[in-house]
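Below is the file query-v7.txt, which contains compact mmCIF, C-alpha atoms.
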```txt
# COMPACT_ATOMS: atom_id res chain seq x y z
CA MET A 20 131.96 -9.60 -49.02
CA ASN A 21 129.88 -9.21 -52.14
CA GLY A 22 132.33 -11.31 -54.12
CA VAL A 23 132.03 -13.27 -57.31
CA HIS A 24 132.25 -16.47 -55.22
CA ASP A 25 128.67 -15.76 -54.06
CA MET A 26 127.12 -17.06 -57.27
CA GLY A 27 123.73 -18.44 -56.29
CA GLY A 28 121.16 -17.26 -58.85
CA MET A 29 123.62 -15.78 -61.37
CA HIS A 30 123.04 -16.31 -65.08
CA GLY A 31 125.44 -16.83 -67.94
CA MET A 32 127.73 -19.50 -66.49
CA GLY A 33 126.74 -22.02 -69.16
CA PRO A 34 125.68 -25.66 -68.96
CA VAL A 35 126.86 -28.13 -66.33
CA ASN A 36 129.27 -30.50 -68.04
CA PRO A 37 129.64 -33.74 -66.12
CA GLU A 38 132.64 -35.87 -67.06
CA THR A 39 132.34 -39.64 -67.35
CA ASN A 40 134.76 -41.72 -65.27
CA GLU A 41 136.23 -38.59 -63.76
CA PRO A 42 139.50 -39.11 -61.87
CA VAL A 43 139.81 -37.70 -58.33
CA PHE A 44 142.73 -35.54 -59.51
CA HIS A 45 143.15 -34.63 -63.18
CA ALA A 46 146.92 -34.24 -63.00
CA PRO A 47 149.55 -35.06 -60.37
CA TRP A 48 149.93 -31.36 -59.51
CA GLU A 49 146.28 -31.23 -58.39
CA GLY A 50 146.78 -34.00 -55.83
CA HIS A 51 149.97 -32.38 -54.61
CA ALA A 52 148.35 -28.95 -54.39
CA PHE A 53 145.49 -30.47 -52.39
CA ALA A 54 147.84 -32.35 -50.05
CA LEU A 55 150.10 -29.33 -49.56
CA CYS A 56 147.08 -27.24 -48.55
CA ARG A 57 146.16 -29.83 -45.93
CA ALA A 58 149.78 -30.17 -44.80
CA LEU A 59 150.05 -26.45 -44.03
CA ARG A 60 146.55 -26.18 -42.66
CA ALA A 61 147.57 -28.84 -40.11
CA PHE A 62 149.74 -26.17 -38.44
CA LYS A 63 146.48 -24.37 -37.53
CA ARG A 64 147.97 -20.96 -38.26
CA TRP A 65 144.65 -20.11 -39.90
CA ASN A 66 141.16 -21.48 -39.53
CA LEU A 67 138.56 -22.72 -41.99
CA ASP A 68 136.89 -19.34 -42.42
CA GLN A 69 140.17 -17.52 -42.90
CA ASP A 70 140.94 -20.14 -45.51
CA ARG A 71 137.65 -19.49 -47.31
CA TYR A 72 138.00 -15.71 -47.05
CA ALA A 73 141.44 -15.95 -48.66
CA LEU A 74 139.84 -17.57 -51.72
CA GLU A 75 137.12 -14.93 -51.85
CA LEU A 76 139.82 -12.24 -51.98
CA LEU A 77 141.17 -13.55 -55.28
CA PRO A 78 140.52 -10.86 -57.93
CA PRO A 79 137.11 -11.70 -59.46
CA ALA A 80 138.33 -12.14 -63.03
CA GLU A 81 141.09 -14.45 -61.81
CA TYR A 82 138.66 -16.39 -59.64
CA LEU A 83 136.40 -17.05 -62.62
CA ARG A 84 139.26 -17.94 -64.94
CA MET A 85 141.10 -20.32 -62.61
CA SER A 86 140.40 -24.01 -62.15
CA TYR A 87 139.45 -25.15 -58.67
CA TYR A 88 142.87 -26.38 -57.58
CA GLU A 89 144.56 -23.43 -59.25
CA ARG A 90 142.55 -21.24 -56.88
CA TRP A 91 143.59 -23.40 -53.93
CA PHE A 92 147.23 -23.37 -54.90
CA THR A 93 147.37 -19.64 -55.63
CA ARG A 94 145.93 -19.09 -52.18
CA LEU A 95 148.50 -21.46 -50.67
CA GLU A 96 151.45 -19.61 -52.21
CA LYS A 97 150.22 -16.45 -50.50
CA GLN A 98 149.47 -18.20 -47.20
CA ALA A 99 152.93 -19.83 -47.14
CA ILE A 100 154.45 -16.34 -47.17
CA ASP A 101 151.85 -14.48 -45.10
CA TYR A 102 151.93 -17.04 -42.27
CA GLY A 103 155.72 -17.24 -42.10
CA PHE A 104 156.52 -20.63 -43.63
CA ILE A 105 158.71 -19.06 -46.30
CA THR A 106 160.05 -15.59 -47.00
CA PRO A 107 159.21 -13.70 -50.19
CA GLU A 108 162.90 -14.07 -51.14
CA GLU A 109 162.80 -17.85 -50.71
CA PHE A 110 159.64 -17.96 -52.80
CA ALA A 111 161.22 -15.87 -55.54
CA ASN A 112 164.52 -17.80 -55.55
CA HIS A 113 163.01 -21.31 -55.10
CA ARG A 114 165.74 -21.89 -52.51
CA PRO A 115 165.67 -21.99 -48.74
CA ASP A 116 167.57 -19.25 -46.94
CA PRO A 117 170.07 -21.09 -44.68
CA THR A 118 169.74 -18.37 -42.03
CA GLN A 119 166.00 -19.10 -41.65
CA PRO A 120 164.84 -21.57 -38.96
CA LYS A 121 163.68 -25.05 -39.99
CA GLY A 122 160.33 -26.52 -39.05
CA GLN A 123 158.76 -29.87 -38.23
CA PRO A 124 155.92 -31.36 -40.31
CA ALA A 125 152.48 -31.05 -38.71
CA LEU A 126 151.04 -33.68 -41.04
CA THR A 127 152.66 -37.11 -40.81
CA PRO A 128 151.94 -40.22 -42.90
CA ASN A 129 150.14 -42.16 -40.17
CA MET A 130 147.76 -39.39 -39.17
CA ASP A 131 146.16 -38.54 -42.48
CA GLN A 132 142.76 -39.90 -41.44
CA ALA A 133 142.80 -38.29 -38.01
CA PHE A 134 144.11 -35.01 -39.33
CA ILE A 135 141.48 -34.42 -41.93
CA SER A 136 138.87 -34.36 -39.20
CA ARG A 137 138.48 -30.64 -38.66
CA GLY A 138 138.10 -30.78 -34.88
CA LEU A 139 135.06 -28.53 -34.83
CA PRO A 140 133.62 -27.65 -31.42
CA PRO A 141 130.60 -29.69 -30.25
CA THR A 142 127.26 -28.52 -31.61
CA ASP A 143 125.27 -29.44 -28.50
CA ASP A 144 126.34 -26.59 -26.21
CA PRO A 145 123.54 -26.20 -23.61
CA THR A 146 124.95 -22.87 -22.38
CA ILE A 147 123.89 -21.21 -25.65
CA PRO A 148 120.09 -21.30 -25.99
CA PRO A 149 118.43 -20.89 -29.40
CA HIS A 150 116.48 -17.70 -30.10
CA TYR A 151 114.35 -19.23 -32.82
CA HIS A 152 112.24 -22.37 -32.96
CA VAL A 153 111.23 -24.74 -35.73
CA GLY A 154 108.31 -23.33 -37.72
CA GLN A 155 109.03 -19.72 -36.82
CA SER A 156 108.97 -17.09 -39.59
CA VAL A 157 112.21 -15.18 -40.02
CA GLN A 158 113.73 -12.65 -42.37
CA ALA A 159 117.31 -12.84 -43.56
CA LYS A 160 118.94 -9.52 -42.79
CA ILE A 161 120.00 -7.11 -45.48
CA ILE A 162 123.68 -6.77 -44.73
CA ASN A 163 126.67 -6.13 -46.97
CA PRO A 164 129.78 -6.85 -44.90
CA THR A 165 133.10 -6.36 -46.67
CA GLY A 166 134.57 -9.26 -44.67
CA HIS A 167 133.72 -12.95 -44.81
CA THR A 168 130.10 -14.01 -44.44
CA ARG A 169 128.07 -17.10 -45.29
CA LEU A 170 124.79 -15.28 -45.86
CA PRO A 171 124.41 -15.49 -49.64
CA ARG A 172 123.20 -12.38 -51.45
CA TYR A 173 120.23 -14.15 -53.01
CA ALA A 174 118.73 -14.74 -49.56
CA ARG A 175 119.22 -11.27 -48.08
CA GLY A 176 115.97 -9.56 -47.14
CA LYS A 177 113.95 -12.67 -47.93
CA LEU A 178 111.33 -14.25 -45.70
CA GLY A 179 111.77 -17.84 -44.64
CA THR A 180 110.78 -20.43 -42.06
CA ILE A 181 113.01 -22.19 -39.55
CA HIS A 182 113.10 -25.81 -40.69
CA ARG A 183 115.64 -27.26 -38.30
CA ASP A 184 117.95 -26.19 -35.48
CA GLN A 185 121.44 -27.42 -36.43
CA GLY A 186 122.94 -26.73 -33.01
CA VAL A 187 125.73 -24.36 -32.06
CA HIS A 188 128.40 -23.47 -34.64
CA PRO A 189 131.18 -20.86 -34.81
CA LEU A 190 130.01 -17.70 -36.65
CA PRO A 191 132.13 -17.54 -39.85
CA ASP A 192 132.11 -13.74 -39.97
CA ALA A 193 133.86 -13.70 -36.57
CA SER A 194 136.09 -16.75 -37.18
CA ALA A 195 137.49 -15.12 -40.31
CA GLU A 196 138.65 -12.26 -38.06
CA GLY A 197 140.18 -14.72 -35.59
CA GLU A 198 137.35 -14.35 -33.07
CA ASP A 199 135.34 -17.16 -31.48
CA VAL A 200 131.61 -16.40 -31.49
CA ARG A 201 129.23 -19.34 -31.26
CA GLN A 202 125.59 -19.25 -32.23
CA HIS A 203 122.76 -21.52 -33.20
CA LEU A 204 122.67 -22.37 -36.86
CA TYR A 205 119.35 -23.02 -38.56
CA SER A 206 118.27 -24.64 -41.77
CA VAL A 207 115.87 -22.00 -43.13
CA ARG A 208 113.33 -22.76 -45.85
CA PHE A 209 112.80 -20.11 -48.54
CA SER A 210 110.15 -20.69 -51.18
CA PHE A 211 111.15 -20.28 -54.80
CA GLN A 212 108.51 -17.59 -55.23
CA GLU A 213 109.93 -15.62 -52.30
CA LEU A 214 113.44 -15.87 -53.75
CA TRP A 215 112.75 -15.55 -57.46
CA GLY A 216 109.30 -14.02 -57.87
CA PRO A 217 105.73 -15.07 -58.65
CA GLN A 218 106.62 -16.78 -61.92
CA ALA A 219 108.83 -19.29 -60.10
CA SER A 220 107.67 -22.75 -59.03
CA ALA A 221 105.04 -22.68 -56.31
CA LYS A 222 106.24 -26.01 -54.89
CA ASP A 223 110.02 -25.78 -54.84
CA ALA A 224 112.15 -24.34 -52.06
CA VAL A 225 115.76 -23.69 -51.11
CA TYR A 226 116.99 -24.62 -47.65
CA ILE A 227 119.93 -22.51 -46.49
CA ASP A 228 121.98 -22.94 -43.31
CA LEU A 229 122.03 -19.55 -41.61
CA TRP A 230 123.49 -18.35 -38.32
CA GLU A 231 121.32 -16.60 -35.78
CA SER A 232 122.82 -13.17 -36.36
CA TYR A 233 121.88 -13.37 -40.05
CA LEU A 234 118.21 -13.54 -39.07
CA GLU A 235 115.53 -11.41 -37.49
CA PRO A 236 111.98 -12.29 -36.49
CA ALA A 237 109.47 -11.72 -39.28
CA MET B 12 146.81 -9.63 -40.98
CA SER B 13 146.21 -6.03 -41.90
CA GLY B 14 143.68 -5.18 -44.59
CA HIS B 15 146.52 -4.29 -46.94
CA ASP B 16 148.12 -7.72 -46.62
CA GLN B 17 144.89 -9.47 -47.51
CA HIS B 18 145.01 -8.35 -51.12
CA TYR B 19 146.68 -10.31 -53.85
CA HIS B 20 149.44 -8.60 -55.76
CA HIS B 21 149.78 -10.84 -58.71
CA ASP B 22 152.16 -8.92 -60.87
CA HIS B 23 154.45 -8.29 -57.97
CA GLU B 24 154.42 -11.55 -56.08
CA HIS B 25 154.27 -14.01 -58.91
CA GLN B 26 156.52 -12.60 -61.56
CA ALA B 27 159.44 -14.88 -60.64
CA VAL B 28 157.29 -18.00 -60.37
CA PRO B 29 156.90 -20.35 -63.35
CA HIS B 30 153.40 -20.00 -64.70
CA ASP B 31 153.02 -23.68 -65.34
CA LEU B 32 151.19 -25.14 -62.37
CA THR B 33 153.20 -28.34 -62.34
CA LEU B 34 156.35 -26.29 -61.93
CA ARG B 35 154.79 -23.92 -59.39
CA VAL B 36 153.55 -26.79 -57.22
CA LYS B 37 156.91 -28.58 -57.43
CA ALA B 38 158.74 -25.38 -56.53
CA LEU B 39 156.68 -24.69 -53.40
CA GLU B 40 156.61 -28.36 -52.38
CA SER B 41 160.42 -28.67 -52.64
CA LEU B 42 160.89 -25.49 -50.65
CA LEU B 43 158.54 -26.60 -47.88
CA ILE B 44 160.17 -30.05 -47.73
CA GLU B 45 163.65 -28.56 -47.58
CA LYS B 46 162.52 -26.23 -44.81
CA GLY B 47 161.19 -29.19 -42.83
CA TYR B 48 157.50 -28.18 -42.84
CA VAL B 49 156.29 -30.94 -45.13
CA ASP B 50 156.92 -34.68 -45.09
CA PRO B 51 156.59 -36.00 -48.67
CA ALA B 52 155.41 -39.39 -47.37
CA ALA B 53 152.50 -37.62 -45.65
CA LEU B 54 151.51 -36.00 -48.95
CA ASP B 55 151.56 -39.38 -50.69
CA ALA B 56 149.51 -40.98 -47.92
CA LEU B 57 146.89 -38.24 -48.10
CA ILE B 58 146.68 -38.39 -51.90
CA ASP B 59 146.29 -42.17 -51.68
CA THR B 60 143.51 -41.76 -49.10
CA MET B 61 141.57 -39.34 -51.29
CA GLU B 62 142.11 -41.35 -54.48
CA ASN B 63 141.58 -44.85 -53.14
CA LYS B 64 140.02 -44.97 -49.68
CA ILE B 65 137.35 -42.29 -49.55
CA GLY B 66 134.74 -42.14 -52.28
CA PRO B 67 131.13 -42.67 -53.30
CA ARG B 68 131.37 -46.42 -52.65
CA ASN B 69 131.18 -45.49 -48.96
CA GLY B 70 127.95 -43.58 -49.49
CA ALA B 71 126.55 -46.39 -51.64
CA LYS B 72 127.00 -48.82 -48.73
CA VAL B 73 125.11 -46.45 -46.44
CA VAL B 74 122.27 -46.17 -48.94
CA ALA B 75 122.03 -49.93 -49.57
CA LYS B 76 121.94 -50.66 -45.86
CA ALA B 77 119.21 -48.05 -45.35
CA TRP B 78 117.12 -49.63 -48.14
CA LEU B 79 117.31 -53.07 -46.51
CA ASP B 80 117.19 -52.21 -42.82
CA PRO B 81 114.33 -49.91 -41.76
CA GLU B 82 115.81 -49.47 -38.29
CA TYR B 83 119.13 -48.38 -39.77
CA LYS B 84 117.30 -46.01 -42.09
CA ALA B 85 115.46 -44.48 -39.14
CA ARG B 86 118.78 -43.95 -37.32
CA LEU B 87 120.32 -42.51 -40.48
CA LEU B 88 117.53 -39.99 -40.93
CA THR B 89 117.59 -38.88 -37.28
CA ASP B 90 121.32 -38.98 -36.48
CA ALA B 91 123.29 -39.38 -39.69
CA PRO B 92 126.84 -38.93 -38.28
CA LYS B 93 126.26 -41.75 -35.79
CA ALA B 94 124.62 -44.08 -38.29
CA ILE B 95 127.38 -43.46 -40.84
CA ALA B 96 130.04 -44.04 -38.18
CA GLU B 97 128.48 -47.48 -37.57
CA LEU B 98 129.88 -48.44 -40.98
CA GLY B 99 133.28 -47.03 -40.09
CA PHE B 100 133.22 -43.89 -42.27
CA LEU B 101 134.38 -40.84 -40.37
CA SER B 102 136.63 -38.03 -41.49
CA ALA B 103 136.65 -34.37 -42.39
CA GLU B 104 133.67 -32.61 -43.92
CA GLY B 105 131.21 -34.96 -42.32
CA GLU B 106 131.04 -34.28 -38.61
CA SER B 107 127.64 -32.62 -38.96
CA MET B 108 125.65 -34.50 -41.49
CA VAL B 109 122.01 -34.71 -42.55
CA VAL B 110 120.56 -37.38 -44.83
CA LEU B 111 117.68 -36.30 -47.10
CA GLU B 112 115.23 -38.94 -48.23
CA ASN B 113 113.88 -38.80 -51.76
CA THR B 114 110.29 -39.96 -52.20
CA PRO B 115 107.88 -39.97 -55.15
CA GLN B 116 106.67 -36.56 -53.87
CA VAL B 117 109.96 -34.91 -52.85
CA HIS B 118 113.27 -34.71 -54.69
CA ASN B 119 116.35 -33.33 -52.91
CA LEU B 120 119.32 -31.65 -54.59
CA VAL B 121 122.53 -30.52 -52.85
CA VAL B 122 124.76 -27.58 -53.81
CA CYS B 123 127.27 -25.23 -52.23
CA THR B 124 126.76 -21.84 -53.90
CA LEU B 125 129.58 -20.15 -51.96
CA CYS B 126 132.40 -22.69 -52.39
CA SER B 127 132.51 -26.48 -52.65
CA CYS B 128 131.19 -28.02 -49.40
CA TYR B 129 130.58 -31.73 -49.94
CA PRO B 130 130.27 -34.82 -47.70
CA TRP B 131 133.78 -36.22 -48.05
CA PRO B 132 133.44 -39.29 -45.78
CA VAL B 133 130.65 -40.74 -47.88
CA LEU B 134 131.32 -39.28 -51.34
CA GLY B 135 135.02 -38.41 -51.43
CA LEU B 136 136.18 -35.21 -53.11
CA PRO B 137 133.59 -33.49 -55.30
CA PRO B 138 133.64 -33.83 -59.10
CA VAL B 139 134.54 -30.79 -61.19
CA TRP B 140 130.93 -30.14 -62.22
CA TYR B 141 129.83 -29.82 -58.57
CA LYS B 142 132.46 -27.09 -58.05
CA SER B 143 131.73 -25.42 -61.39
CA ASN B 144 130.43 -21.87 -61.67
CA ALA B 145 127.51 -23.22 -63.71
CA TYR B 146 126.27 -25.67 -61.08
CA ARG B 147 126.85 -23.30 -58.16
CA SER B 148 125.01 -20.43 -59.84
CA ARG B 149 122.11 -22.37 -61.30
CA ALA B 150 121.19 -25.08 -58.77
CA VAL B 151 119.25 -22.67 -56.54
CA ILE B 152 117.36 -20.89 -59.35
CA ASP B 153 117.04 -23.52 -62.11
CA PRO B 154 117.21 -26.97 -60.52
CA ARG B 155 114.83 -28.45 -63.09
CA GLY B 156 117.05 -27.22 -65.91
CA ILE B 157 120.06 -28.84 -64.27
CA LEU B 158 118.21 -32.10 -63.70
CA LYS B 159 117.27 -32.13 -67.38
CA GLU B 160 120.93 -31.73 -68.36
CA PHE B 161 121.68 -34.81 -66.26
CA GLY B 162 118.88 -36.63 -68.06
CA THR B 163 116.64 -36.61 -65.00
CA ALA B 164 112.96 -36.10 -65.77
CA LEU B 165 110.83 -35.16 -62.77
CA PRO B 166 107.05 -34.87 -62.85
CA GLU B 167 105.89 -31.25 -62.58
CA ASP B 168 104.16 -31.98 -59.29
CA THR B 169 107.29 -33.32 -57.59
CA GLU B 170 108.51 -30.86 -54.98
CA ILE B 171 112.18 -29.98 -55.34
CA ARG B 172 114.14 -29.10 -52.24
CA VAL B 173 117.53 -27.56 -52.94
CA TRP B 174 119.97 -27.60 -50.01
CA ASP B 175 122.61 -24.87 -50.09
CA SER B 176 125.50 -26.08 -47.90
CA THR B 177 126.47 -22.69 -46.51
CA ALA B 178 127.68 -24.03 -43.15
CA GLU B 179 129.47 -27.06 -41.71
CA VAL B 180 126.46 -29.31 -42.14
CA ARG B 181 126.94 -31.79 -44.98
CA TYR B 182 124.06 -33.29 -46.92
CA LEU B 183 123.66 -36.71 -48.48
CA VAL B 184 120.64 -37.67 -50.56
CA LEU B 185 119.08 -41.06 -49.92
CA PRO B 186 117.79 -41.96 -53.40
CA GLU B 187 114.65 -43.98 -53.97
CA ARG B 188 115.28 -47.69 -54.30
CA PRO B 189 114.75 -48.79 -57.92
CA SER B 190 111.88 -51.16 -58.58
CA ASN B 191 112.51 -54.86 -59.27
CA THR B 192 115.46 -55.02 -56.90
CA GLU B 193 113.80 -57.19 -54.23
CA SER B 194 116.06 -60.17 -54.89
CA LEU B 195 119.35 -58.25 -54.70
CA THR B 196 121.82 -58.53 -51.83
CA GLU B 197 123.09 -55.48 -49.95
CA GLU B 198 126.30 -55.61 -51.97
CA GLN B 199 124.44 -55.81 -55.27
CA LEU B 200 122.20 -52.93 -54.23
CA ALA B 201 125.24 -50.82 -53.32
CA ASP B 202 126.58 -51.40 -56.83
CA LEU B 203 123.48 -49.67 -58.23
CA VAL B 204 123.98 -46.49 -56.21
CA THR B 205 125.78 -43.71 -58.05
CA ARG B 206 127.51 -40.62 -56.74
CA ASP B 207 125.22 -38.36 -58.76
CA SER B 208 122.11 -39.93 -57.23
CA MET B 209 123.48 -39.13 -53.75
CA VAL B 210 123.96 -35.47 -54.72
CA GLY B 211 120.46 -35.49 -56.17
CA VAL B 212 121.13 -34.70 -59.83
CA THR B 213 119.96 -38.14 -60.95
CA LYS B 214 117.47 -40.80 -59.92
CA LEU B 215 118.22 -44.51 -59.98
```
When written as C-alpha cells, how does the structure in this file appear?
Amino acid sequence: MNGVHDMGGMHGMGPVNPETNEPVFHAPWEGHAFALCRALRAFKRWNLDQDRYALELLPPAEYLRMSYYERWFTRLEKQAIDYGFITPEEFANHRPDPTQPKGQPALTPNMDQAFISRGLPPTDDPTIPPHYHVGQSVQAKIINPTGHTRLPRYARGKLGTIHRDQGVHPLPDASAEGEDVRQHLYSVRFSFQELWGPQASAKDAVYIDLWESYLEPA
Amino acid sequence: MSGHDQHYHHDHEHQAVPHDLTLRVKALESLLIEKGYVDPAALDALIDTMENKIGPRNGAKVVAKAWLDPEYKARLLTDAPKAIAELGFLSAEGESMVVLENTPQVHNLVVCTLCSCYPWPVLGLPPVWYKSNAYRSRAVIDPRGILKEFGTALPEDTEIRVWDSTAEVRYLVLPERPSNTESLTEEQLADLVTRDSMVGVTKL
C-alpha cells in the first residue's frame, strides 16, 4: 500500500537526533510491549508480513505521531482481539471472562533464544531457478497494490542492475495474505541519478532487495 | 481477516483503555497472564536477553576478528551467517546476513526505509534514531547530509552505497581499521568498534 511507512526520499522529517548512551528500552513499558509482541507472535497465528502490514494500516497521522513501541503495542492490542486471545469485552473491562477458555504460553523462559529465530524457509531451494542473473539490467515495475508490498515507491519504474542473487524468499505480498509464494530475491543497484535526477551524485547508489515479481527485464 | 476488520477503529476500540502506555501495557499483560497465554518469567527472560545479552559488542567482536584474521574476513564476506555463527551469535533477524566492507573508496550505509530491519544478533535492537522518520526518509536521498550530522566527513570522491533492508537480508558494515592500531589485541580492537560504525553513519 502507498502508506506513510514507505518514507524513502521524503522531505521534512527533520534532523536525525542520535542519543548518547541510549538504553535498549526507554521505560519499562517498552520492554514489556516488545516482549508481549514476541510472546503472542510465538503462537504463529500471524506471520511476519501480516505483522508488518498491520503496522502499515495504522492511520497515517497516528503512525507519524506515535513512538516506535507505541506503534507496536497499538498493533498488539488489535491483534490480541482479532486473533482470538481476548474478547473485546475482556479488553474493555480489563478482566478475563470466566466462561472463556484458558490458554498455554507459547513462549517459555528457557526458549527465548530459540524462539526469536524466525524459522524462515531455506534460501537455497534448487527447485526454484532464478530468472535474472548478476549484471543484468532490470526495471522495477510500476505497481500500486493496496495490500502489503516491499517494493518502495521511490524505486518504482526505475532502472537498475542485478547486484546479487539472495536466494529464494517468501514473497511478502503473498505472505501478508496468508499465501506461500517463493521467489528469488535480488539485491538491485540503482544509481542516485536514476533515482533522484541528473543533479544527484554520479557515484552514489542505493541497493534494494527486490523480489522477482517486482522486476522486469530492461 | 476481512478487509473491514483490518482497519483500526480508534475511537471505538480504545475509549475504555487508559491512554497512558504504562497502564495500557500492564492491563493487556495482566489479562494475557490471567488467561494463561503469557508466562511473566518468559517476558523477563526475553527483556534480559535484549538488554544484556544481545548488542553491538557482538558485532564488535566479529569486526575485530575480521581485522586480525584475513581468512576469517574472507569467510565473513562470502558467507556471513556461517562466519558469525563461528563466534556463537545466532538469533532472529540475522539468518540471512551480508557484511559490507568499507574501504577508502567505498563507504556503506544501512537503512530500512519501510520499517526497522536491523541485524539483531550482532547489533541488538536498533537505536531510536535508526527507526526515526528522519533517518528512514533521508538515508536513501541525502546520505551525505546524514553523515555530516553524525560528524562524518567523507571525501567527495568516496562512493556511497546505501543498503535499503527491504527483505529478510540483514546488513552489517565492516568499518575500516583505524591507523596506529597494530599493537592492539583482538579485545582492545573490539573496544574501538562502535555500533554507529557498523551501521555506517560513522567511521572509526
May I have the residues of chain B within 7 Å of chain A, counting all atoms listed in the file, written as a PDB file with C-alpha atoms, in the coordinates of the input?
```
ATOM      1  CA  HIS B  18     145.010  -8.350 -51.120  1.00  0.00           C
ATOM      2  CA  TYR B  19     146.680 -10.310 -53.850  1.00  0.00           C
ATOM      3  CA  ALA B  27     159.440 -14.880 -60.640  1.00  0.00           C
ATOM      4  CA  VAL B  28     157.290 -18.000 -60.370  1.00  0.00           C
ATOM      5  CA  LEU B  32     151.190 -25.140 -62.370  1.00  0.00           C
ATOM      6  CA  THR B  33     153.200 -28.340 -62.340  1.00  0.00           C
ATOM      7  CA  VAL B  36     153.550 -26.790 -57.220  1.00  0.00           C
ATOM      8  CA  ALA B  38     158.740 -25.380 -56.530  1.00  0.00           C
ATOM      9  CA  LEU B  42     160.890 -25.490 -50.650  1.00  0.00           C
ATOM     10  CA  GLU B  45     163.650 -28.560 -47.580  1.00  0.00           C
ATOM     11  CA  LYS B  46     162.520 -26.230 -44.810  1.00  0.00           C
ATOM     12  CA  GLY B  47     161.190 -29.190 -42.830  1.00  0.00           C
ATOM     13  CA  TYR B  48     157.500 -28.180 -42.840  1.00  0.00           C
ATOM     14  CA  VAL B  49     156.290 -30.940 -45.130  1.00  0.00           C
ATOM     15  CA  ASP B  50     156.920 -34.680 -45.090  1.00  0.00           C
ATOM     16  CA  ALA B  52     155.410 -39.390 -47.370  1.00  0.00           C
ATOM     17  CA  ALA B  53     152.500 -37.620 -45.650  1.00  0.00           C
ATOM     18  CA  LEU B  54     151.510 -36.000 -48.950  1.00  0.00           C
ATOM     19  CA  ALA B  56     149.510 -40.980 -47.920  1.00  0.00           C
ATOM     20  CA  LEU B  57     146.890 -38.240 -48.100  1.00  0.00           C
ATOM     21  CA  ILE B  58     146.680 -38.390 -51.900  1.00  0.00           C
ATOM     22  CA  GLU B  62     142.110 -41.350 -54.480  1.00  0.00           C
ATOM     23  CA  SER B 102     136.630 -38.030 -41.490  1.00  0.00           C
ATOM     24  CA  ALA B 103     136.650 -34.370 -42.390  1.00  0.00           C
ATOM     25  CA  THR B 124     126.760 -21.840 -53.900  1.00  0.00           C
ATOM     26  CA  LEU B 125     129.580 -20.150 -51.960  1.00  0.00           C
ATOM     27  CA  CYS B 126     132.400 -22.690 -52.390  1.00  0.00           C
ATOM     28  CA  LEU B 136     136.180 -35.210 -53.110  1.00  0.00           C
ATOM     29  CA  TRP B 140     130.930 -30.140 -62.220  1.00  0.00           C
ATOM     30  CA  ASN B 144     130.430 -21.870 -61.670  1.00  0.00           C
ATOM     31  CA  ALA B 145     127.510 -23.220 -63.710  1.00  0.00           C
ATOM     32  CA  TYR B 146     126.270 -25.670 -61.080  1.00  0.00           C
ATOM     33  CA  ARG B 147     126.850 -23.300 -58.160  1.00  0.00           C
ATOM     34  CA  SER B 148     125.010 -20.430 -59.840  1.00  0.00           C
ATOM     35  CA  ARG B 149     122.110 -22.370 -61.300  1.00  0.00           C
ATOM     36  CA  VAL B 151     119.250 -22.670 -56.540  1.00  0.00           C
ATOM     37  CA  ILE B 152     117.360 -20.890 -59.350  1.00  0.00           C
ATOM     38  CA  GLU B 170     108.510 -30.860 -54.980  1.00  0.00           C
ATOM     39  CA  ILE B 171     112.180 -29.980 -55.340  1.00  0.00           C
ATOM     40  CA  ARG B 172     114.140 -29.100 -52.240  1.00  0.00           C
ATOM     41  CA  VAL B 173     117.530 -27.560 -52.940  1.00  0.00           C
ATOM     42  CA  TRP B 174     119.970 -27.600 -50.010  1.00  0.00           C
ATOM     43  CA  ASP B 175     122.610 -24.870 -50.090  1.00  0.00           C
ATOM     44  CA  SER B 176     125.500 -26.080 -47.900  1.00  0.00           C
ATOM     45  CA  THR B 177     126.470 -22.690 -46.510  1.00  0.00           C
ATOM     46  CA  ALA B 178     127.680 -24.030 -43.150  1.00  0.00           C
TER      47      ALA B 178
END
```
| query | Within 8 Å of (108.2, -10.1, -38.0), in the coordinates the file gives, what residues turn up when you count only C-alpha atoms, written out as a PyMOL selection string? | reply | chain A and resi 156-158+235-237
Write out, as a CSV table (one decimal), keeping the file's coordinate frame, the residues just selected, with C-alpha atoms.
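The new file result38.csv reads:
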```csv
chain,number,residue,atom,x,y,z
A,156,SER,CA,109.0,-17.1,-39.6
A,157,VAL,CA,112.2,-15.2,-40.0
A,158,GLN,CA,113.7,-12.6,-42.4
A,235,GLU,CA,115.5,-11.4,-37.5
A,236,PRO,CA,112.0,-12.3,-36.5
A,237,ALA,CA,109.5,-11.7,-39.3
```
| note | Correct to one decimal, the distance atom CA of Pro164 of chain A-atom CA of Glu179 of chain B is 20.5 Å
| field | Who sits within 8 Å of Met209 of chain B, all atoms listed in the file, same chain under 3 positions skipped, as JSON, numbers by chain | value | {"B": [70, 183, 184, 185, 186, 204, 205, 206, 212]}
| query | To one decimal place, how far is atom CA of Pro81 of chain B from atom CA of Thr169 of chain B in Å? | reply | 24.0 Å
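Nearest to Ile147 of chain A of all the residues A:Ala193, A:Val200, A:Met20, A:Leu178 is A:Val200, counting all atoms listed in the file.
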| said: So that I can check the surroundings of Ala164 of chain B, please list as a list in words every protein, DNA and RNA residue that reaches within 12 Å of it, counting all atoms listed in the file and ignoring chain neighbours fewer than 2 positions away. | reply: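 Contacts, with the query itself left out: His118, Pro154, Arg155, Gly156, Ile157, Leu158, Lys159, Glu160, Phe161, Gly162, Pro166, Glu167, Asp168, Thr169, Val212, Thr213, Lys214 and Leu215 of chain B.
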| request: Name the residues in contact with Ala91 of chain B at a cut-off of 12 Å, using all atoms listed in the file, excluding same-chain residues fewer than 2 positions from it; report them as JSON, numbers by chain. | output: {"B": [70, 73, 74, 77, 83, 84, 85, 86, 87, 88, 89, 93, 94, 95, 96, 97, 98, 100, 101, 105, 106, 107, 108, 109, 110, 111, 112, 130, 132, 133, 180, 181, 182, 183, 184, 185]}
| said: Applying 7 Å and only C-alpha atoms, which residues near Arg175 of chain A remain after dropping the ones on its own chain fewer than 2 positions away? List them as a ChimeraX atom specification. | reply: /A:159-161,171-173,177
| said: If I take atom CA of Val139 of chain B and atom CA of Ser127 of chain B, how far is one from the other in Å, to one decimal? | reply: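 Computing the Euclidean distance for atom CA of Val139 of chain B and atom CA of Ser127 of chain B yields 9.8 Å.
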| query | For Pro115 of chain B, which residue among B:Val210, B:Ile65, B:Leu165, B:Leu39 is the nearest when counting only C-alpha atoms? | reply | B:Leu165
